[in-house]
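**Q** Structure in structure tokens, see below.
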Amino acid sequence: MTSHPEALYRGVSHAAWGYLFLYLDVNLGTVSILPAFVGYLLFWSAIGALEGEVRDLSLLRPLCALLGAWAGAGWLYSWTGSSLDGRFYPLDVILQAASLYFHFQLFTDLALLAARYQPEGADLDRHLLRLRTLQVLLLTGLALAGPLSDLCGGPAPWLSAALSLAGLLVSLALMNRLFALRRCFHPAP
């Protein structure tokens with residue numbers, strides 16, 4: 001077990017900032033100035049800093065590399081004015097499933113870390129687990145909303161909008177909880 005608060009602080013910080021790059025998409029034209037692949041680089045660093053404390057984190061490295069490489073390829077392709085989304089449907093489905101698993105497991109491992117180090121009564125671990133599950137359900141619903149509305153004969157833009165708004169709120173809550181977890185390891189001045 002790692003008992004270095006500065007390594008834990010750095011690891012949780014990188015995870016929290018990684019989600020900022022993942023959740024916040026600011027574009028100049030078609031190019032993101034906060035590219036998702038930077039988020040995966042930060043996750044890679046977080047895994048390295050925290051894997052001594054939560055052993056299962058190292059199992060996420062291959063998925064982190066795969067998702068980061070795909071996000072990097074998509075970002076480079078965006079410079080052409082286009083997107084990789086929907087171009088390779090079977091690969092998109094596999095990557096969506098891999099992404100769901102990666103983030104589900106990462107939040108599970110961060111909740112284990114929270115359970116070990118949170119102040120008494122903070123319940124950061126339970127909040128992370130609940131929000132993680134809600135996020136997976138919302139992302140799954142959003143992924144199915146398009147194909148299901150096509151099968152039913154009509155688009156349901158209100159459903160996608162509602163799921164997107166709920167997903168945004170859950171994402172903000174998750175980031176808030178990660179920054180709260182980071183404060184548990186704040187280095188002494």
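Here's how to read the names in the structure tokens: chain A, B, ... by the order shown, residue numbers from 1 in each chain, ligand numbers from 1 in the order shown.
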Pull the alpha helix (DSSP H) assignments for range 57-110 of chain A out of DSSP run on the backbone, and list those residues as number ranges by chain.

**A** A: 61-78, 89-110

**Q** When you look at Leu22 in chain A with a cut-off of 10 Å (counting only C-alpha atoms), what residues show up, excluding the ones that are within fewer than 5 positions of it in the same chain? I need them as a ChimeraX atom specification.

**A** /A:16-17,34-40,71,171

**Q** Only C-alpha atoms, please: the residues just picked out, written as a JSON list (two decimals), in the first residue's frame.

**A**
```json
[["chain", "number", "residue", "atom", "x", "y", "z"],
["A", 16, "ALA", "CA", -10.45, 14.80, -11.68],
["A", 17, "TRP", "CA", -8.78, 16.99, -14.32],
["A", 34, "LEU", "CA", -9.79, 20.56, -24.64],
["A", 35, "PRO", "CA", -9.21, 17.24, -26.44],
["A", 36, "ALA", "CA", -10.40, 14.03, -24.81],
["A", 37, "PHE", "CA", -7.08, 12.27, -25.44],
["A", 38, "VAL", "CA", -5.48, 14.63, -22.88],
["A", 39, "GLY", "CA", -8.03, 13.29, -20.38],
["A", 40, "TYR", "CA", -6.83, 9.76, -21.09],
["A", 71, "ALA", "CA", -9.67, 9.90, -28.93],
["A", 171, "SER", "CA", -20.93, 14.48, -14.74]]
```

**Q** Could you give me, as a list in words, the residues within 12 Å of Leu112 in chain A, counting only C-alpha atoms and dropping anything in the same chain fewer than 5 positions from it?

**A** Leu50, Glu51, Glu53, Val54, Arg55, Asp56, Leu57, Gln105, Leu106, Phe107, Tyr117, Gln118, Asp123, Leu124, Asp125, Arg126, His127, Leu128, Leu129 and Leu181 of chain A

**Q** Could you please determine the separation between CA of Pro187 in chain A and CA of Gly18 in chain A in Å, to one decimal place?

**A**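 About the pair CA of Pro187 in chain A and CA of Gly18 in chain A: they are 20.4 Å apart.
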
**Q** Between A:Ile94, A:Leu144, A:Leu20, A:Ala114, single out the one closest to Leu66 in chain A, counting only C-alpha atoms.

**A**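 Closest residue, counting only C-alpha atoms: A:Ile94.
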
**Q** Enumerate, as a PyMOL selection string, the complete set of residues in chain A that a backbone-based DSSP assignment places in strand (DSSP E or B).

**A** chain A and resi 27-28+31-32

**Q** Could those selected residues go to a file with all heavy atoms, as an mmCIF file, in the first residue's frame?

**A**
```cif
data_model
loop_
_atom_site.group_PDB
_atom_site.id
_atom_site.type_symbol
_atom_site.label_atom_id
_atom_site.label_comp_id
_atom_site.auth_asym_id
_atom_site.auth_seq_id
_atom_site.Cartn_x
_atom_site.Cartn_y
_atom_site.Cartn_z
ATOM 1 N N ASN A 27 -14.878 23.945 -28.653
ATOM 2 C CA ASN A 27 -14.346 23.827 -30.014
ATOM 3 C C ASN A 27 -14.053 25.180 -30.637
ATOM 4 O O ASN A 27 -14.767 26.155 -30.403
ATOM 5 C CB ASN A 27 -15.351 23.098 -30.912
ATOM 6 C CG ASN A 27 -15.497 21.661 -30.518
ATOM 7 O OD1 ASN A 27 -14.524 20.977 -30.256
ATOM 8 N ND2 ASN A 27 -16.730 21.187 -30.471
ATOM 9 N N LEU A 28 -13.018 25.179 -31.447
ATOM 10 C CA LEU A 28 -12.753 26.270 -32.380
ATOM 11 C C LEU A 28 -12.978 25.675 -33.755
ATOM 12 O O LEU A 28 -12.165 24.902 -34.248
ATOM 13 C CB LEU A 28 -11.318 26.781 -32.253
ATOM 14 C CG LEU A 28 -10.979 27.551 -30.989
ATOM 15 C CD1 LEU A 28 -9.502 27.909 -30.966
ATOM 16 C CD2 LEU A 28 -11.821 28.799 -30.867
ATOM 17 N N VAL A 31 -12.344 21.711 -34.233
ATOM 18 C CA VAL A 31 -11.243 21.205 -33.421
ATOM 19 C C VAL A 31 -11.454 21.570 -31.953
ATOM 20 O O VAL A 31 -11.676 22.731 -31.622
ATOM 21 C CB VAL A 31 -9.894 21.765 -33.915
ATOM 22 C CG1 VAL A 31 -8.747 21.277 -33.059
ATOM 23 C CG2 VAL A 31 -9.669 21.400 -35.371
ATOM 24 N N SER A 32 -11.377 20.559 -31.103
ATOM 25 C CA SER A 32 -11.534 20.767 -29.663
ATOM 26 C C SER A 32 -10.261 21.357 -29.074
ATOM 27 O O SER A 32 -9.161 20.875 -29.353
ATOM 28 C CB SER A 32 -11.851 19.443 -28.970
ATOM 29 O OG SER A 32 -11.929 19.625 -27.579
#
```

**Q** Give me the residues near Leu138 in chain A as a PyMOL selection string, where near means some atom within 12 Å (using only C-alpha atoms) and where sequence neighbours in that chain fewer than 6 positions away do not count.

**A** chain A and resi 100+131-132+144-145+159-171

**Q** Grab the CA of Phe88 in chain A to CA of Gly29 in chain A distance for me, in Å with one decimal place.

**A**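 If I compute the distance from CA of Phe88 in chain A to CA of Gly29 in chain A, I get 23.2 Å.
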
**Q** Between A:Val26, A:Gly141, A:Leu95, A:Pro119, which one has atoms that come closest to Cys184 in chain A, using only C-alpha atoms?

**A**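 Between A:Val26, A:Gly141, A:Leu95, A:Pro119, the residue approaching Cys184 in chain A most closely is A:Pro119.
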